[in-house]
Amino acid sequence: MTSQMAQINTVTGIQQVNETLKSMAAQFTALQVLQGSNMVGHDVLMDGNTLSIKNGTAQGAFELAAKAESVQVEVMSPGGQVLDTIDLGALDAGRHDVVWDASKYSFQGDPVFKVKATLGGKDIASSTFARATVTSVGSEAGIMKVQLLGRAAVDYSSIKAIL
């Protein structure tokens with residue numbers, strides 16, 4: 001009988017710990033959203049190759065894995081038609097911005113871009129980032145969501161940089 005009472009107390013204790021952890025998780029999510037509200041109005045970077053157009057200027061970013069002696073950015077329509085090639089010359093490894101005059105852009109959907117970087121005739125690896133403005137933050141099923149201007153909401157964990 002004593003061992004059964006101990007087992008009942010253990011089960012009750014585990015249930016209380018579970019309830020406490022659920023409460024802490026809810027409080028953590030609320031705190032995360034409160035802190036995330038500082039991002040509203042700021043631009044963020046996330047994986048992607050879409051350029052965001054704001055006031056006639058399209059912006060994105062990319063990161064080079066190593067130094068490159070030649071970097072070119074091709075700006076394309078959503079269907080893949082090359083609209084412009086931006087020659088950026090030699091660049092060091094790291095993150096760099098893409099800025100393109102989109103004042104005459106007339107296609108449906110946002111333009112996309114591709115980076116071609118070389119050193120000594122060999123390709124240099126690069127990663128592309130879409131840029132967007134945060135309009136609001138919230139939570140869904142305990143996960144912080146970031147609403148972006150002109151785009152769908154994304155998980156906070158997909159944000160690579162806050163500008």
# chains A, B, ... in the order shown; residues from 1 in each chain; ligands from 1

call {"tool": "residues_around", "arguments": {"residues": "stretch 109-115 of chain A", "least_positions_apart": "6", "cutoff": "12 Å", "atoms": "only C-alpha atoms", "output": "ChimeraX atom specification"}}
result
/A:48-54,56-64,68,70-88,96-102,123-132,150-151

call {"tool": "select_by_dssp", "arguments": {"residues": "stretch 44-148 of chain A", "states": "strand (DSSP E or B)", "output": "PyMOL selection string"}}
result
chain A and resi 44-47+50+52-54+57-64+68-76+82-91+94-101+112-119+122-123+126-140+143-148

call {"tool": "write_last_selection", "arguments": {"atoms": "C-alpha atoms", "output": "mmCIF file, in the first residue's frame"}}
result
data_model
loop_
_atom_site.group_PDB
_atom_site.id
_atom_site.type_symbol
_atom_site.label_atom_id
_atom_site.label_comp_id
_atom_site.auth_asym_id
_atom_site.auth_seq_id
_atom_site.Cartn_x
_atom_site.Cartn_y
_atom_site.Cartn_z
ATOM 1 C CA VAL A 44 14.980 40.948 -42.924
ATOM 2 C CA LEU A 45 16.827 38.422 -45.050
ATOM 3 C CA MET A 46 15.751 34.830 -45.599
ATOM 4 C CA ASP A 47 16.749 32.068 -47.999
ATOM 5 C CA THR A 50 13.340 36.888 -55.037
ATOM 6 C CA SER A 52 11.574 42.832 -53.308
ATOM 7 C CA ILE A 53 10.519 46.025 -55.058
ATOM 8 C CA LYS A 54 10.073 49.129 -52.939
ATOM 9 C CA THR A 57 14.189 49.721 -56.400
ATOM 10 C CA ALA A 58 14.530 45.930 -56.180
ATOM 11 C CA GLN A 59 16.672 44.557 -53.363
ATOM 12 C CA GLY A 60 18.081 41.238 -52.248
ATOM 13 C CA ALA A 61 21.382 39.895 -50.968
ATOM 14 C CA PHE A 62 23.835 37.064 -51.435
ATOM 15 C CA GLU A 63 26.750 35.533 -49.610
ATOM 16 C CA LEU A 64 29.979 34.358 -51.217
ATOM 17 C CA ALA A 68 35.802 36.154 -56.134
ATOM 18 C CA GLU A 69 37.560 38.077 -58.893
ATOM 19 C CA SER A 70 34.369 38.362 -60.946
ATOM 20 C CA VAL A 71 30.797 38.568 -59.675
ATOM 21 C CA GLN A 72 27.773 39.030 -61.885
ATOM 22 C CA VAL A 73 24.129 39.119 -60.854
ATOM 23 C CA GLU A 74 21.498 38.228 -63.437
ATOM 24 C CA VAL A 75 18.089 39.779 -62.789
ATOM 25 C CA MET A 76 15.289 37.750 -64.339
ATOM 26 C CA VAL A 82 17.080 37.756 -68.261
ATOM 27 C CA LEU A 83 16.247 41.434 -67.788
ATOM 28 C CA ASP A 84 19.634 42.796 -66.749
ATOM 29 C CA THR A 85 23.123 41.735 -65.723
ATOM 30 C CA ILE A 86 24.851 43.633 -62.933
ATOM 31 C CA ASP A 87 28.657 43.402 -62.975
ATOM 32 C CA LEU A 88 29.934 43.793 -59.421
ATOM 33 C CA GLY A 89 33.600 43.047 -60.192
ATOM 34 C CA ALA A 90 35.806 41.519 -57.500
ATOM 35 C CA LEU A 91 34.268 40.930 -54.059
ATOM 36 C CA GLY A 94 30.733 37.364 -47.088
ATOM 37 C CA ARG A 95 27.355 39.002 -47.557
ATOM 38 C CA HIS A 96 26.685 41.614 -50.241
ATOM 39 C CA ASP A 97 23.582 43.562 -51.276
ATOM 40 C CA VAL A 98 21.881 43.438 -54.667
ATOM 41 C CA VAL A 99 20.202 46.680 -55.737
ATOM 42 C CA TRP A 100 18.506 46.987 -59.122
ATOM 43 C CA ASP A 101 16.518 49.839 -60.719
ATOM 44 C CA VAL A 112 14.416 36.845 -59.239
ATOM 45 C CA PHE A 113 18.196 36.831 -59.382
ATOM 46 C CA LYS A 114 21.114 34.471 -59.844
ATOM 47 C CA VAL A 115 24.738 35.010 -58.813
ATOM 48 C CA LYS A 116 27.705 33.924 -60.942
ATOM 49 C CA ALA A 117 31.006 34.252 -59.079
ATOM 50 C CA THR A 118 34.395 32.982 -60.215
ATOM 51 C CA LEU A 119 38.035 32.973 -59.120
ATOM 52 C CA LYS A 122 36.460 28.267 -61.102
ATOM 53 C CA ASP A 123 32.975 28.834 -59.716
ATOM 54 C CA SER A 126 27.075 31.506 -53.202
ATOM 55 C CA SER A 127 23.802 31.639 -51.288
ATOM 56 C CA THR A 128 20.978 34.015 -52.197
ATOM 57 C CA PHE A 129 18.677 35.836 -49.802
ATOM 58 C CA ALA A 130 15.301 37.459 -50.344
ATOM 59 C CA ARG A 131 14.757 40.770 -48.578
ATOM 60 C CA ALA A 132 11.416 41.847 -47.108
ATOM 61 C CA THR A 133 9.952 44.297 -44.596
ATOM 62 C CA VAL A 134 8.373 42.982 -41.394
ATOM 63 C CA THR A 135 4.806 44.253 -40.942
ATOM 64 C CA SER A 136 3.837 42.280 -37.820
ATOM 65 C CA VAL A 137 4.728 39.343 -35.593
ATOM 66 C CA GLY A 138 2.561 36.770 -33.859
ATOM 67 C CA SER A 139 2.460 33.163 -32.801
ATOM 68 C CA GLU A 140 0.786 30.115 -34.244
ATOM 69 C CA ILE A 143 5.816 29.112 -33.074
ATOM 70 C CA MET A 144 6.660 32.767 -33.676
ATOM 71 C CA LYS A 145 5.520 33.918 -37.125
ATOM 72 C CA VAL A 146 6.802 36.991 -38.957
ATOM 73 C CA GLN A 147 4.420 38.667 -41.432
ATOM 74 C CA LEU A 148 6.246 40.228 -44.374
#

call {"tool": "select_by_dssp", "arguments": {"residues": "stretch 5-149 of chain A", "states": "helix (DSSP H, G or I)", "output": "ChimeraX atom specification"}}
result
/A:5-39

call {"tool": "closest_residue", "arguments": {"among": "A:Val154, A:Leu149, A:Ser103, A:Ser23", "to": "A:Asp43", "atoms": "only C-alpha atoms"}}
result
A:Leu149

call {"tool": "atom_distance", "arguments": {"atom1": "atom CA of A:Gly36", "atom2": "atom CA of A:Ala161"}}
result
12.9 Å

call {"tool": "atom_distance", "arguments": {"atom1": "atom CA of A:Ala141", "atom2": "atom CA of A:Lys22"}}
result
12.4 Å

call {"tool": "decode", "arguments": {"residues": "stretch 18-153 of chain A", "atoms": "C-alpha atoms", "output": "CSV table (one decimal), in the first residue's frame"}}
result
chain,number,residue,atom,x,y,z
A,18,ASN,CA,4.0,18.9,-17.2
A,19,GLU,CA,1.5,21.7,-16.4
A,20,THR,CA,4.3,24.0,-15.2
A,21,LEU,CA,6.3,23.3,-18.4
A,22,LYS,CA,3.3,24.1,-20.6
A,23,SER,CA,2.8,27.3,-18.8
A,24,MET,CA,6.4,28.3,-19.2
A,25,ALA,CA,6.3,27.4,-22.9
A,26,ALA,CA,3.3,29.7,-23.3
A,27,GLN,CA,5.1,32.5,-21.4
A,28,PHE,CA,8.2,32.0,-23.5
A,29,THR,CA,6.2,32.3,-26.7
A,30,ALA,CA,4.5,35.5,-25.5
A,31,LEU,CA,7.9,37.0,-24.5
A,32,GLN,CA,9.4,36.0,-27.9
A,33,VAL,CA,6.5,37.7,-29.7
A,34,LEU,CA,7.0,40.8,-27.5
A,35,GLN,CA,10.7,41.0,-28.3
A,36,GLY,CA,10.0,40.2,-32.0
A,37,SER,CA,7.8,43.3,-32.2
A,38,ASN,CA,11.0,45.3,-32.4
A,39,MET,CA,11.5,43.9,-35.9
A,40,VAL,CA,8.3,45.6,-37.2
A,41,GLY,CA,9.3,48.1,-39.9
A,42,HIS,CA,12.8,46.5,-40.3
A,43,ASP,CA,13.9,44.6,-43.3
A,44,VAL,CA,15.0,40.9,-42.9
A,45,LEU,CA,16.8,38.4,-45.1
A,46,MET,CA,15.8,34.8,-45.6
A,47,ASP,CA,16.7,32.1,-48.0
A,48,GLY,CA,15.5,32.8,-51.5
A,49,ASN,CA,16.3,34.5,-54.7
A,50,THR,CA,13.3,36.9,-55.0
A,51,LEU,CA,14.0,40.6,-55.2
A,52,SER,CA,11.6,42.8,-53.3
A,53,ILE,CA,10.5,46.0,-55.1
A,54,LYS,CA,10.1,49.1,-52.9
A,55,ASN,CA,9.9,52.7,-54.4
A,56,GLY,CA,11.1,51.5,-57.8
A,57,THR,CA,14.2,49.7,-56.4
A,58,ALA,CA,14.5,45.9,-56.2
A,59,GLN,CA,16.7,44.6,-53.4
A,60,GLY,CA,18.1,41.2,-52.2
A,61,ALA,CA,21.4,39.9,-51.0
A,62,PHE,CA,23.8,37.1,-51.4
A,63,GLU,CA,26.8,35.5,-49.6
A,64,LEU,CA,30.0,34.4,-51.2
A,65,ALA,CA,31.8,31.3,-49.7
A,66,ALA,CA,35.2,32.7,-50.8
A,67,LYS,CA,36.8,35.8,-52.5
A,68,ALA,CA,35.8,36.2,-56.1
A,69,GLU,CA,37.6,38.1,-58.9
A,70,SER,CA,34.4,38.4,-60.9
A,71,VAL,CA,30.8,38.6,-59.7
A,72,GLN,CA,27.8,39.0,-61.9
A,73,VAL,CA,24.1,39.1,-60.9
A,74,GLU,CA,21.5,38.2,-63.4
A,75,VAL,CA,18.1,39.8,-62.8
A,76,MET,CA,15.3,37.8,-64.3
A,77,SER,CA,11.5,37.8,-64.7
A,78,PRO,CA,9.6,35.1,-62.7
A,79,GLY,CA,9.6,33.1,-66.0
A,80,GLY,CA,13.4,33.2,-66.3
A,81,GLN,CA,13.8,35.9,-68.9
A,82,VAL,CA,17.1,37.8,-68.3
A,83,LEU,CA,16.2,41.4,-67.8
A,84,ASP,CA,19.6,42.8,-66.7
A,85,THR,CA,23.1,41.7,-65.7
A,86,ILE,CA,24.9,43.6,-62.9
A,87,ASP,CA,28.7,43.4,-63.0
A,88,LEU,CA,29.9,43.8,-59.4
A,89,GLY,CA,33.6,43.0,-60.2
A,90,ALA,CA,35.8,41.5,-57.5
A,91,LEU,CA,34.3,40.9,-54.1
A,92,ASP,CA,35.5,39.4,-50.8
A,93,ALA,CA,33.8,36.5,-49.1
A,94,GLY,CA,30.7,37.4,-47.1
A,95,ARG,CA,27.4,39.0,-47.6
A,96,HIS,CA,26.7,41.6,-50.2
A,97,ASP,CA,23.6,43.6,-51.3
A,98,VAL,CA,21.9,43.4,-54.7
A,99,VAL,CA,20.2,46.7,-55.7
A,100,TRP,CA,18.5,47.0,-59.1
A,101,ASP,CA,16.5,49.8,-60.7
A,102,ALA,CA,13.1,48.3,-61.1
A,103,SER,CA,11.3,51.5,-62.1
A,104,LYS,CA,10.5,50.0,-65.6
A,105,TYR,CA,9.7,46.5,-64.4
A,106,SER,CA,6.3,45.4,-65.8
A,107,PHE,CA,6.1,41.6,-65.2
A,108,GLN,CA,3.6,40.0,-62.9
A,109,GLY,CA,5.3,38.8,-59.7
A,110,ASP,CA,8.6,39.8,-58.2
A,111,PRO,CA,11.9,39.5,-60.2
A,112,VAL,CA,14.4,36.8,-59.2
A,113,PHE,CA,18.2,36.8,-59.4
A,114,LYS,CA,21.1,34.5,-59.8
A,115,VAL,CA,24.7,35.0,-58.8
A,116,LYS,CA,27.7,33.9,-60.9
A,117,ALA,CA,31.0,34.3,-59.1
A,118,THR,CA,34.4,33.0,-60.2
A,119,LEU,CA,38.0,33.0,-59.1
A,120,GLY,CA,40.7,31.8,-61.6
A,121,GLY,CA,38.0,30.4,-63.9
A,122,LYS,CA,36.5,28.3,-61.1
A,123,ASP,CA,33.0,28.8,-59.7
A,124,ILE,CA,32.6,30.2,-56.2
A,125,ALA,CA,29.7,28.9,-54.2
A,126,SER,CA,27.1,31.5,-53.2
A,127,SER,CA,23.8,31.6,-51.3
A,128,THR,CA,21.0,34.0,-52.2
A,129,PHE,CA,18.7,35.8,-49.8
A,130,ALA,CA,15.3,37.5,-50.3
A,131,ARG,CA,14.8,40.8,-48.6
A,132,ALA,CA,11.4,41.8,-47.1
A,133,THR,CA,10.0,44.3,-44.6
A,134,VAL,CA,8.4,43.0,-41.4
A,135,THR,CA,4.8,44.3,-40.9
A,136,SER,CA,3.8,42.3,-37.8
A,137,VAL,CA,4.7,39.3,-35.6
A,138,GLY,CA,2.6,36.8,-33.9
A,139,SER,CA,2.5,33.2,-32.8
A,140,GLU,CA,0.8,30.1,-34.2
A,141,ALA,CA,0.8,26.8,-32.4
A,142,GLY,CA,3.6,28.0,-30.2
A,143,ILE,CA,5.8,29.1,-33.1
A,144,MET,CA,6.7,32.8,-33.7
A,145,LYS,CA,5.5,33.9,-37.1
A,146,VAL,CA,6.8,37.0,-39.0
A,147,GLN,CA,4.4,38.7,-41.4
A,148,LEU,CA,6.2,40.2,-44.4
A,149,LEU,CA,5.1,43.0,-46.7
A,150,GLY,CA,3.7,41.5,-49.9
A,151,ARG,CA,4.7,38.0,-48.8
A,152,ALA,CA,3.3,35.2,-46.7
A,153,ALA,CA,4.2,34.9,-43.0
